[in-house]
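The data block below is coords10.csv; it holds CSV, C-alpha atoms and all ligand atoms.
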chain,number,residue,atom,x,y,z
A,164,MET,CA,-15.6,-4.6,16.6
A,165,MET,CA,-16.0,-5.2,20.4
A,166,PRO,CA,-19.1,-7.3,20.5
A,167,TYR,CA,-17.5,-9.8,18.0
A,168,PHE,CA,-14.7,-10.4,20.5
A,169,SER,CA,-17.1,-11.3,23.3
A,170,ASP,CA,-20.9,-11.7,23.2
A,171,ASN,CA,-21.1,-12.4,19.5
A,172,PHE,CA,-18.1,-14.7,19.2
A,173,PHE,CA,-20.0,-17.5,17.4
A,174,ASN,CA,-18.3,-19.3,14.5
A,175,PRO,CA,-19.8,-18.0,11.3
A,176,SER,CA,-19.6,-21.5,9.7
A,177,ALA,CA,-21.7,-23.2,12.4
A,178,ASN,CA,-25.3,-24.1,12.0
A,179,TYR,CA,-27.1,-22.5,15.0
A,180,ASP,CA,-29.1,-19.3,14.9
A,181,ALA,CA,-26.4,-17.1,16.5
A,182,SER,CA,-23.9,-18.1,13.7
A,183,TYR,CA,-26.4,-17.0,11.0
A,184,GLU,CA,-26.2,-13.5,12.4
A,185,ILE,CA,-22.5,-13.5,12.2
A,186,ARG,CA,-22.7,-14.7,8.6
A,187,ASP,CA,-24.9,-11.7,7.8
A,188,VAL,CA,-22.4,-9.4,9.5
A,189,ILE,CA,-19.7,-10.8,7.2
A,190,ASN,CA,-21.8,-10.5,4.1
A,191,ASN,CA,-22.8,-7.0,5.0
A,192,SER,CA,-19.1,-6.0,5.5
A,193,ARG,CA,-18.3,-7.5,2.1
A,194,MET,CA,-21.1,-5.5,0.5
A,195,VAL,CA,-19.9,-2.3,2.2
A,196,ILE,CA,-16.4,-2.8,0.8
A,197,ALA,CA,-17.6,-3.9,-2.7
A,198,ASN,CA,-19.6,-0.6,-3.0
A,199,THR,CA,-16.4,1.4,-2.4
A,200,ILE,CA,-14.7,0.0,-5.5
A,201,SER,CA,-17.8,-0.8,-7.7
A,202,CYS,CA,-17.4,-4.6,-7.7
A,203,LYS,CA,-19.7,-7.5,-6.6
A,204,PRO,CA,-19.6,-8.6,-3.0
A,205,ASP,CA,-18.5,-12.1,-3.9
A,206,GLU,CA,-15.4,-10.6,-5.5
A,207,ILE,CA,-14.1,-9.5,-2.1
A,208,TYR,CA,-12.0,-12.1,-0.2
A,209,PHE,CA,-10.8,-11.2,3.3
A,210,THR,CA,-7.2,-12.0,4.1
A,211,SER,CA,-4.9,-11.6,7.0
A,212,CYS,CA,-3.0,-8.6,5.6
A,213,GLY,CA,-1.8,-6.8,2.4
A,214,SER,CA,1.1,-9.2,2.1
A,215,GLU,CA,-1.1,-12.2,2.0
A,216,SER,CA,-3.3,-10.5,-0.7
A,217,ASP,CA,-0.1,-9.8,-2.8
A,218,ASN,CA,1.2,-13.4,-2.4
A,219,TRP,CA,-2.2,-14.8,-3.4
A,220,ALA,CA,-2.6,-12.6,-6.5
A,221,LEU,CA,0.9,-13.5,-7.7
A,222,SER,CA,0.2,-17.2,-7.2
A,223,TYR,CA,-1.9,-16.9,-10.4
A,224,VAL,CA,1.4,-17.1,-12.5
A,225,LYS,CA,2.6,-20.6,-13.2
A,226,PRO,CA,6.0,-22.0,-14.2
A,227,GLY,CA,6.8,-21.1,-17.9
A,228,GLN,CA,4.6,-18.0,-17.7
A,229,HIS,CA,5.7,-14.4,-17.5
A,230,ILE,CA,4.8,-11.6,-15.1
A,231,ILE,CA,5.7,-7.9,-15.4
A,232,THR,CA,6.2,-5.8,-12.2
A,233,SER,CA,8.3,-2.8,-11.2
A,234,LEU,CA,11.5,-2.3,-9.4
A,235,ILE,CA,9.9,-0.3,-6.6
A,236,GLU,CA,7.2,-2.7,-5.5
A,237,HIS,CA,6.8,-3.6,-1.8
A,238,HIS,CA,8.8,-6.6,-0.7
A,239,ALA,CA,5.5,-8.6,-0.5
A,240,ILE,CA,5.6,-8.4,-4.3
A,241,ILE,CA,9.4,-8.3,-5.0
A,242,ASN,CA,10.2,-11.3,-2.7
A,243,THR,CA,7.3,-13.3,-4.1
A,244,CYS,CA,8.5,-12.7,-7.6
A,245,LYS,CA,12.0,-13.8,-6.6
A,246,LYS,CA,10.5,-17.0,-5.2
A,247,LEU,CA,8.4,-17.5,-8.4
A,248,GLU,CA,11.6,-17.1,-10.5
A,249,LEU,CA,13.1,-20.1,-8.6
A,250,CYS,CA,10.0,-22.1,-9.7
A,251,GLY,CA,10.5,-21.3,-13.4
A,252,VAL,CA,8.3,-18.2,-13.7
A,253,GLU,CA,9.8,-15.4,-15.9
A,254,VAL,CA,9.8,-12.0,-14.2
A,255,THR,CA,10.4,-8.5,-15.7
A,256,TYR,CA,11.1,-5.8,-13.2
A,257,LEU,CA,10.4,-2.5,-14.9
A,258,PRO,CA,12.8,0.3,-14.2
A,259,VAL,CA,11.3,3.7,-13.1
A,260,ASP,CA,12.3,7.3,-13.8
A,261,GLN,CA,13.9,9.7,-11.3
A,262,TYR,CA,10.5,10.2,-9.7
A,263,GLY,CA,9.6,6.6,-9.5
A,264,ARG,CA,7.2,6.4,-12.4
A,265,ILE,CA,7.1,3.5,-14.9
A,266,ASP,CA,7.1,4.3,-18.6
A,267,LEU,CA,4.1,2.9,-20.6
A,268,ASP,CA,6.2,2.3,-23.7
A,269,GLU,CA,8.6,0.3,-21.7
A,270,LEU,CA,5.7,-1.6,-20.2
A,271,LYS,CA,4.4,-2.4,-23.7
A,272,SER,CA,7.8,-3.5,-24.9
A,273,ALA,CA,8.2,-5.9,-22.0
A,274,ILE,CA,5.0,-7.8,-22.9
A,275,GLN,CA,5.8,-11.3,-24.2
A,276,SER,CA,3.6,-14.0,-25.7
A,277,ASN,CA,3.6,-15.8,-22.3
A,278,THR,CA,2.9,-12.7,-20.2
A,279,VAL,CA,-0.2,-13.5,-18.1
A,280,LEU,CA,-0.1,-10.8,-15.3
A,281,ILE,CA,1.0,-7.2,-14.9
A,282,SER,CA,1.4,-6.2,-11.2
A,283,VAL,CA,2.1,-2.6,-10.5
A,284,MET,CA,1.4,-0.8,-7.3
A,285,ALA,CA,-1.0,2.1,-7.3
A,286,ALA,CA,1.1,4.2,-4.9
A,287,ASN,CA,4.5,3.6,-3.4
A,288,ASN,CA,4.9,3.2,0.4
A,289,GLU,CA,8.3,4.9,0.6
A,290,ILE,CA,8.3,7.8,-1.8
A,291,GLY,CA,4.5,8.1,-2.3
A,292,VAL,CA,4.7,8.1,-6.1
A,293,ILE,CA,1.4,7.4,-7.7
A,294,GLN,CA,1.3,5.4,-10.9
A,295,SER,CA,-1.2,5.8,-13.8
A,296,ILE,CA,-3.1,2.6,-13.0
A,297,ASP,CA,-5.9,3.4,-15.5
A,298,GLU,CA,-3.4,3.4,-18.3
A,299,ILE,CA,-1.5,0.4,-17.1
A,300,GLY,CA,-4.7,-1.6,-16.7
A,301,SER,CA,-5.8,-0.6,-20.2
A,302,VAL,CA,-2.5,-1.7,-21.7
A,303,ALA,CA,-2.8,-5.0,-19.9
A,304,HIS,CA,-6.4,-5.6,-21.2
A,305,GLN,CA,-5.5,-4.5,-24.8
A,306,HIS,CA,-3.0,-7.4,-24.7
A,307,GLY,CA,-5.3,-9.9,-23.0
A,308,ILE,CA,-3.3,-9.8,-19.8
A,309,LEU,CA,-4.6,-9.6,-16.3
A,310,PHE,CA,-3.8,-6.5,-14.2
A,311,HIS,CA,-3.2,-6.7,-10.4
A,312,THR,CA,-2.4,-3.6,-8.4
A,313,ASP,CA,-1.1,-3.4,-4.8
A,314,ALA,CA,-3.4,-0.6,-3.6
A,315,VAL,CA,-2.4,-0.9,0.1
A,316,GLN,CA,-1.3,2.7,0.2
A,317,TYR,CA,-4.0,4.0,-2.1
A,318,TYR,CA,-7.3,2.4,-1.1
A,319,GLY,CA,-9.2,4.4,1.5
A,320,HIS,CA,-7.7,7.6,0.3
A,321,TYR,CA,-8.5,7.8,-3.4
A,322,ASN,CA,-11.5,6.9,-5.5
A,323,ILE,CA,-11.2,3.5,-7.2
A,324,ASN,CA,-13.5,1.9,-9.8
A,325,VAL,CA,-12.1,-1.5,-10.7
A,326,ASN,CA,-14.0,-1.6,-13.9
A,327,ASN,CA,-12.8,1.8,-15.2
A,328,SER,CA,-9.3,1.0,-14.2
A,329,CYS,CA,-9.3,-2.5,-15.8
A,330,ILE,CA,-8.2,-3.9,-12.4
A,331,ASP,CA,-8.6,-7.7,-12.2
A,332,MET,CA,-7.1,-8.1,-8.7
A,333,MET,CA,-6.3,-5.6,-6.0
A,334,SER,CA,-4.6,-5.9,-2.6
A,335,VAL,CA,-5.7,-3.8,0.4
A,336,SER,CA,-4.7,-3.7,4.0
A,337,GLY,CA,-6.9,-2.5,6.9
A,338,HIS,CA,-4.4,-0.6,8.9
A,339,LYS,CA,-3.5,1.8,6.1
A,340,PHE,CA,-6.8,3.7,6.4
A,341,ASN,CA,-7.4,3.7,10.1
A,342,GLY,CA,-8.8,0.1,10.2
A,343,PRO,CA,-7.4,-2.7,12.4
A,344,LYS,CA,-4.2,-4.6,11.8
A,345,GLY,CA,-4.3,-8.3,10.8
A,346,ILE,CA,-7.0,-7.9,8.2
A,347,GLY,CA,-6.9,-7.1,4.5
A,348,PHE,CA,-8.7,-8.1,1.4
A,349,LEU,CA,-8.0,-9.2,-2.2
A,350,TYR,CA,-10.5,-8.1,-4.8
A,351,ILE,CA,-10.6,-10.9,-7.4
A,352,ASN,CA,-12.8,-10.3,-10.5
A,353,ASN,CA,-15.1,-13.3,-11.0
A,354,ARG,CA,-13.5,-13.9,-14.4
A,355,VAL,CA,-10.1,-14.6,-12.9
A,356,ASN,CA,-9.5,-18.3,-12.5
A,357,ILE,CA,-7.2,-18.4,-9.4
A,358,SER,CA,-6.7,-21.3,-7.1
A,359,PRO,CA,-7.2,-20.9,-3.3
A,360,PHE,CA,-4.2,-19.6,-1.5
A,361,ILE,CA,-5.1,-21.3,1.8
A,362,ASN,CA,-6.6,-24.7,1.4
A,363,GLY,CA,-9.0,-26.1,4.0
A,364,GLY,CA,-12.6,-25.6,4.7
A,365,GLY,CA,-15.1,-24.0,2.4
A,366,GLN,CA,-15.0,-20.5,3.8
A,367,GLN,CA,-15.1,-17.5,1.5
A,368,PHE,CA,-16.7,-19.3,-1.5
A,369,GLY,CA,-14.1,-22.1,-1.1
A,370,LYS,CA,-11.3,-19.9,-2.1
A,371,ARG,CA,-9.8,-18.7,1.1
A,372,ALA,CA,-10.1,-21.3,3.9
A,373,GLY,CA,-9.9,-20.5,7.6
A,374,THR,CA,-12.5,-19.3,10.1
A,375,GLU,CA,-13.0,-15.7,9.4
A,376,ASN,CA,-11.6,-12.9,11.6
A,377,VAL,CA,-15.0,-11.4,12.3
A,378,PRO,CA,-13.9,-8.4,14.5
A,379,GLY,CA,-11.3,-7.6,11.8
A,380,ILE,CA,-13.8,-7.9,9.0
A,381,VAL,CA,-16.3,-5.6,10.9
A,382,GLY,CA,-13.4,-3.2,11.6
A,383,ILE,CA,-12.1,-3.0,8.0
A,384,ALA,CA,-15.6,-2.5,6.7
A,385,LYS,CA,-16.3,0.3,9.2
A,386,ALA,CA,-13.0,2.0,8.3
A,387,ALA,CA,-13.8,1.7,4.6
A,388,LYS,CA,-17.3,3.2,5.2
A,389,ILE,CA,-15.8,6.1,7.1
A,390,ALA,CA,-13.0,6.6,4.5
A,391,TYR,CA,-15.5,6.8,1.6
A,392,SER,CA,-18.4,8.4,3.4
A,393,LYS,CA,-17.4,11.8,2.1
A,394,ASP,CA,-15.7,12.9,-1.0
A,395,VAL,CA,-12.2,11.3,-0.4
A,396,ILE,CA,-10.4,14.0,-2.3
A,397,SER,CA,-11.8,16.8,-0.1
A,398,GLN,CA,-10.6,15.0,3.0
A,399,HIS,CA,-7.1,15.4,1.7
A,400,ALA,CA,-7.0,19.1,1.7
A,401,HIS,CA,-6.1,19.5,5.4
A,402,ILE,CA,-3.4,16.8,5.3
A,403,ASP,CA,-2.1,18.1,2.0
A,404,ASP,CA,-1.8,21.6,3.5
A,405,MET,CA,0.1,20.2,6.5
A,406,ARG,CA,2.4,18.1,4.2
A,407,ASN,CA,3.3,21.1,2.1
A,408,TYR,CA,3.8,23.2,5.2
A,409,LEU,CA,6.2,20.6,6.7
A,410,LEU,CA,8.1,20.2,3.4
A,411,ASN,CA,8.5,23.9,2.8
A,412,LYS,CA,9.6,24.4,6.4
A,413,ILE,CA,12.2,21.6,6.2
A,414,MET,CA,13.5,23.0,2.9
A,415,ASN,CA,13.7,26.6,4.2
A,416,ASN,CA,15.3,25.7,7.5
A,417,ILE,CA,17.7,22.9,6.8
A,418,SER,CA,20.5,23.1,4.3
A,419,ASP,CA,21.4,20.3,1.8
A,420,CYS,CA,18.3,18.3,1.8
A,421,HIS,CA,16.3,16.9,-1.2
A,422,LEU,CA,12.8,15.7,-1.7
A,423,ASN,CA,12.7,12.1,-3.1
A,424,GLY,CA,9.8,11.1,-5.4
A,425,HIS,CA,7.5,13.1,-7.6
A,426,PRO,CA,6.7,16.7,-6.5
A,427,GLU,CA,3.0,16.4,-7.4
A,428,LEU,CA,2.1,12.8,-8.3
A,429,ARG,CA,2.6,11.6,-4.8
A,430,LEU,CA,0.4,10.5,-1.9
A,431,PHE,CA,-1.0,13.6,-0.2
A,432,ASN,CA,0.4,12.5,3.2
A,433,ASN,CA,4.0,11.5,2.3
A,434,ILE,CA,7.3,13.2,2.5
A,435,ASN,CA,10.6,11.5,1.8
A,436,VAL,CA,13.7,13.6,2.3
A,437,SER,CA,17.5,13.0,2.1
A,438,PHE,CA,19.7,15.0,4.4
A,439,ASP,CA,23.3,15.0,3.0
A,440,GLY,CA,26.0,13.7,5.2
A,441,ILE,CA,24.0,11.9,7.8
A,442,ARG,CA,22.5,8.4,8.3
A,443,GLY,CA,18.8,8.2,8.3
A,444,GLU,CA,18.6,5.5,10.9
A,445,GLN,CA,20.6,7.6,13.4
A,446,LEU,CA,18.3,10.5,12.8
A,447,ILE,CA,15.3,8.3,13.4
A,448,VAL,CA,16.7,7.3,16.8
A,449,LEU,CA,17.3,10.9,17.8
A,450,LEU,CA,13.8,12.0,16.6
A,451,SER,CA,12.3,9.1,18.6
A,452,MET,CA,13.9,10.4,21.8
A,453,TYR,CA,11.8,13.6,21.2
A,454,GLY,CA,8.6,11.6,20.7
A,455,ILE,CA,8.7,12.0,16.9
A,456,CYS,CA,7.8,8.9,14.9
A,457,ALA,CA,9.4,8.8,11.4
A,458,SER,CA,10.8,5.9,9.3
A,459,THR,CA,13.7,5.1,7.0
A,460,GLY,CA,12.6,3.2,3.9
A,461,SER,CA,9.6,1.1,4.5
A,462,ALA,CA,8.2,0.6,8.0
A,463,CYS,CA,8.0,-3.1,7.3
A,464,SER,CA,11.7,-3.4,6.5
A,465,SER,CA,13.3,-0.7,8.7
A,466,SER,CA,15.3,-3.4,10.5
A,467,SER,CA,17.2,-4.2,7.2
A,468,ASN,CA,20.5,-2.5,6.8
A,469,GLU,CA,20.3,-2.6,3.0
A,470,PRO,CA,19.8,0.8,1.3
A,471,SER,CA,16.2,1.1,0.1
A,472,HIS,CA,15.6,-0.6,-3.2
A,473,VAL,CA,13.1,2.1,-4.1
A,474,LEU,CA,15.5,5.0,-3.6
A,475,LYS,CA,18.2,3.0,-5.5
A,476,ALA,CA,15.7,2.5,-8.3
A,477,ILE,CA,15.2,6.3,-8.7
A,478,GLY,CA,18.9,6.8,-9.0
A,479,LEU,CA,20.1,7.6,-5.4
A,480,SER,CA,23.6,6.3,-4.4
A,481,ASP,CA,23.9,4.1,-1.3
A,482,ASP,CA,24.9,7.1,0.7
A,483,GLY,CA,21.9,9.2,-0.6
A,484,ALA,CA,19.5,6.3,0.1
A,485,ASN,CA,20.9,5.8,3.6
A,486,SER,CA,20.5,9.5,4.4
A,487,SER,CA,16.8,9.5,3.7
A,488,ILE,CA,13.8,9.5,6.1
A,489,ARG,CA,10.1,9.5,5.6
A,490,PHE,CA,7.3,11.3,7.4
A,491,THR,CA,3.7,10.2,7.0
A,492,LEU,CA,1.0,12.5,8.2
A,493,SER,CA,-2.6,11.9,9.2
A,494,ASN,CA,-5.7,13.9,9.9
A,495,TYR,CA,-4.8,13.7,13.5
A,496,ASN,CA,-1.6,15.7,13.2
A,497,THR,CA,-1.5,19.5,13.9
A,498,PHE,CA,0.5,22.4,12.6
A,499,ASP,CA,1.9,22.9,16.1
A,500,GLU,CA,3.3,19.4,15.9
A,501,LEU,CA,4.9,20.2,12.6
A,502,ASP,CA,6.6,23.3,14.0
A,503,TYR,CA,8.0,21.1,16.8
A,504,VAL,CA,9.2,18.5,14.3
A,505,VAL,CA,11.1,21.0,12.2
A,506,ASP,CA,12.7,22.6,15.3
A,507,VAL,CA,13.9,19.2,16.6
A,508,LEU,CA,14.8,18.0,13.1
A,509,LYS,CA,17.0,21.0,12.5
A,510,GLN,CA,18.9,20.5,15.7
A,511,CYS,CA,19.3,16.7,15.2
A,512,VAL,CA,20.6,17.1,11.7
A,513,ALA,CA,23.1,19.8,12.8
A,514,ASP,CA,24.2,17.5,15.7
A,515,LEU,CA,24.7,14.5,13.4
A,516,ARG,CA,26.5,16.6,10.8
A,517,SER,CA,28.9,18.0,13.5
A,518,VAL,CA,30.0,14.5,14.5
A,519,LYS,CA,32.4,13.5,11.8
B,1,LIG,N1,2.1,-3.2,0.0
B,1,LIG,C1,2.4,-2.0,0.4
B,1,LIG,C2,2.5,-0.9,-0.7
B,1,LIG,C3,2.6,-1.6,1.7
B,1,LIG,O1,2.9,-0.4,2.0
B,1,LIG,C4,2.5,-2.7,2.7
B,1,LIG,C5,2.7,-2.4,4.1
B,1,LIG,O2,3.2,-1.3,4.5
B,1,LIG,C6,2.1,-4.0,2.2
B,1,LIG,C7,2.0,-4.2,0.9
B,1,LIG,C8,2.0,-5.1,3.2
B,1,LIG,O3,0.8,-4.9,4.0
B,1,LIG,P1,0.7,-5.7,5.4
B,1,LIG,O4,1.6,-5.0,6.3
B,1,LIG,O5,-0.8,-5.5,5.7
B,1,LIG,O6,1.0,-7.1,5.1
Just dump the structure as structure tokens.
Ligand code: PLP
Amino acid sequence: MMPYFSDNFFNPSANYDASYEIRDVINNSRMVIANTISCKPDEIYFTSCGSESDNWALSYVKPGQHIITSLIEHHAIINTCKKLELCGVEVTYLPVDQYGRIDLDELKSAIQSNTVLISVMAANNEIGVIQSIDEIGSVAHQHGILFHTDAVQYYGHYNINVNNSCIDMMSVSGHKFNGPKGIGFLYINNRVNISPFINGGGQQFGKRAGTENVPGIVGIAKAAKIAYSKDVISQHAHIDDMRNYLLNKIMNNISDCHLNGHPELRLFNNINVSFDGIRGEQLIVLLSMYGICASTGSACSSSSNEPSHVLKAIGLSDDGANSSIRFTLSNYNTFDELDYVVDVLKQCVADLRSVK
């Protein structure tokens, strides 16, 4: 990324030689990303983040039309749907089971004659639950409806073929797979007739105006290349082992705690646990004093005092939801760190439970 902040800072839309090179760099980045999901390069639109991608995808739905989504989507989807409702769009928020999975029969029954889009996330950011996107996409296409998936937590970690999964639009964010912040993309199948989300110049095939974030584009493409350079599933093994080790150790060492989300159909790096009788946000503050970074709910909405809408949707009470915290692991964690986490966690939970 560094040269594109300095020596190669030329505007890709200009008409001097140096800018042609930058245009090539952007086109090459687009090609690298397109190869990772088996689409065409001109179906990749760079955005500023996953939220922008989600907002843009949902802008497809117009007043009088109907969209189906789920109760556990990220706020970038939920809040956009709420706004669309104010403009006369009909929205169905599908419930989920105790693990966070939507039911395909309920999805089919929710379809109306004016349904134009189904938007269901590939994997949830709080409880890590993975949805059957192939099946959801195929239901959508059987009914002539477009399928959008928020793959912000999924892309870069799992294989995706947009054709096999009947995905028409897909949101991705760079910083979820070791890329930079401030860059994401929206895959839009060429068949989808969607208006530009940002109007202005003719950048990005006239669909997403604004001078491109060249270092960000180079960075997200490099991160994608690294993420998909090997068999992605085999890269999970180490993190998966650490995640299971951490979970078992928490369960065996700390009383009255419960795993939230699906035991198997979940992101390989995610643990979400409720500790009865304590408040998650207090536990986070204590852990932070020991150098441990964990989250309540979604990292993007941790400042909110509302109990997590995801944990409520899987049936937790307000108290249950407020007693939950989430750990997300990466390749860079070690087993020694996990031993330290459990030692500190045990002490912090005991301390908080003793203060009544
Ligand atoms: N969707 C999901 C599932 C997410 O987890 C996030 C961020 O955590 C977003 C969307 C928003 O992405 P960004 O922070 O890049 O806007």
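Residue neighbourhood of range 396-398 of chain A, excluding near-sequence residues (fewer than 3 positions): His320, Tyr321, Asn322, Ala390, Tyr391, Lys393, His401, Ile402, Asp403, Phe431 and Asn494 of chain A, at 10 Å, using only C-alpha atoms.
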Could you save the residues just selected, with C-alpha atoms, as a PDB file, in the frame of the given file?
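Below you can see part06.pdb, which holds the result:
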ATOM      1  CA  HIS A 320      -7.700   7.600   0.300  1.00  0.00           C
ATOM      2  CA  TYR A 321      -8.500   7.800  -3.400  1.00  0.00           C
ATOM      3  CA  ASN A 322     -11.500   6.900  -5.500  1.00  0.00           C
ATOM      4  CA  ALA A 390     -13.000   6.600   4.500  1.00  0.00           C
ATOM      5  CA  TYR A 391     -15.500   6.800   1.600  1.00  0.00           C
ATOM      6  CA  LYS A 393     -17.400  11.800   2.100  1.00  0.00           C
ATOM      7  CA  HIS A 401      -6.100  19.500   5.400  1.00  0.00           C
ATOM      8  CA  ILE A 402      -3.400  16.800   5.300  1.00  0.00           C
ATOM      9  CA  ASP A 403      -2.100  18.100   2.000  1.00  0.00           C
ATOM     10  CA  PHE A 431      -1.000  13.600  -0.200  1.00  0.00           C
ATOM     11  CA  ASN A 494      -5.700  13.900   9.900  1.00  0.00           C
TER      12      ASN A 494
END
For this session: Figure out the distance between CA of Arg489 in chain A and CA of Leu450 in chain A, please, to one decimal in Å.
Result: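 Distance between the two atoms: 11.9 Å.
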Problem set entry | Polymer residues at most 8 Å from (8.5, -3.7, -19.3) by all atoms listed in the file, as a ChimeraX atom specification | /A:231-232,255-258,268-274
Problem set entry | Residue contacts of Ser358 in chain A (10 Å, all atoms listed in the file) excluding same-chain residues fewer than 2 positions away, as number ranges by chain | A: 219-220, 222-223, 355-356, 360-362, 369-371
For this session: Check every protein, DNA and RNA residue against ligand LIG 1 (chain B), keep those with an atom at most 6 Å away (counting all atoms listed in the file), and present them as a list in words.
Result: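 Using all atoms listed in the file, I find these residues within 6 Å of ligand LIG 1 (chain B): Cys212, Gly213, Ser214, His237, Ala239, Asn287, Asn288, Asp313, Val315, Gln316, Ser336 and Cys463 of chain A.
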Exercise. Residues at most 8 Å from range 337-352 of chain A, counting all atoms listed in the file, excluding those fewer than 4 positions away in the same chain, as a ChimeraX atom specification?
Worked result: /A:202,206-213,216-217,220,315-316,318-320,331-333,376,379-380,382-383,385-387,390
For this session: Using only C-alpha atoms, find the one residue out of A:Cys511, A:Ile323, A:Val448, A:Val504 that sits nearest to Ala285 in chain A.
Result: A:Ile323
Exercise. Could you state the separation of CA of Val259 in chain A and CA of Leu409 in chain A in Å, given to one decimal place?
Worked result: 26.5 Å
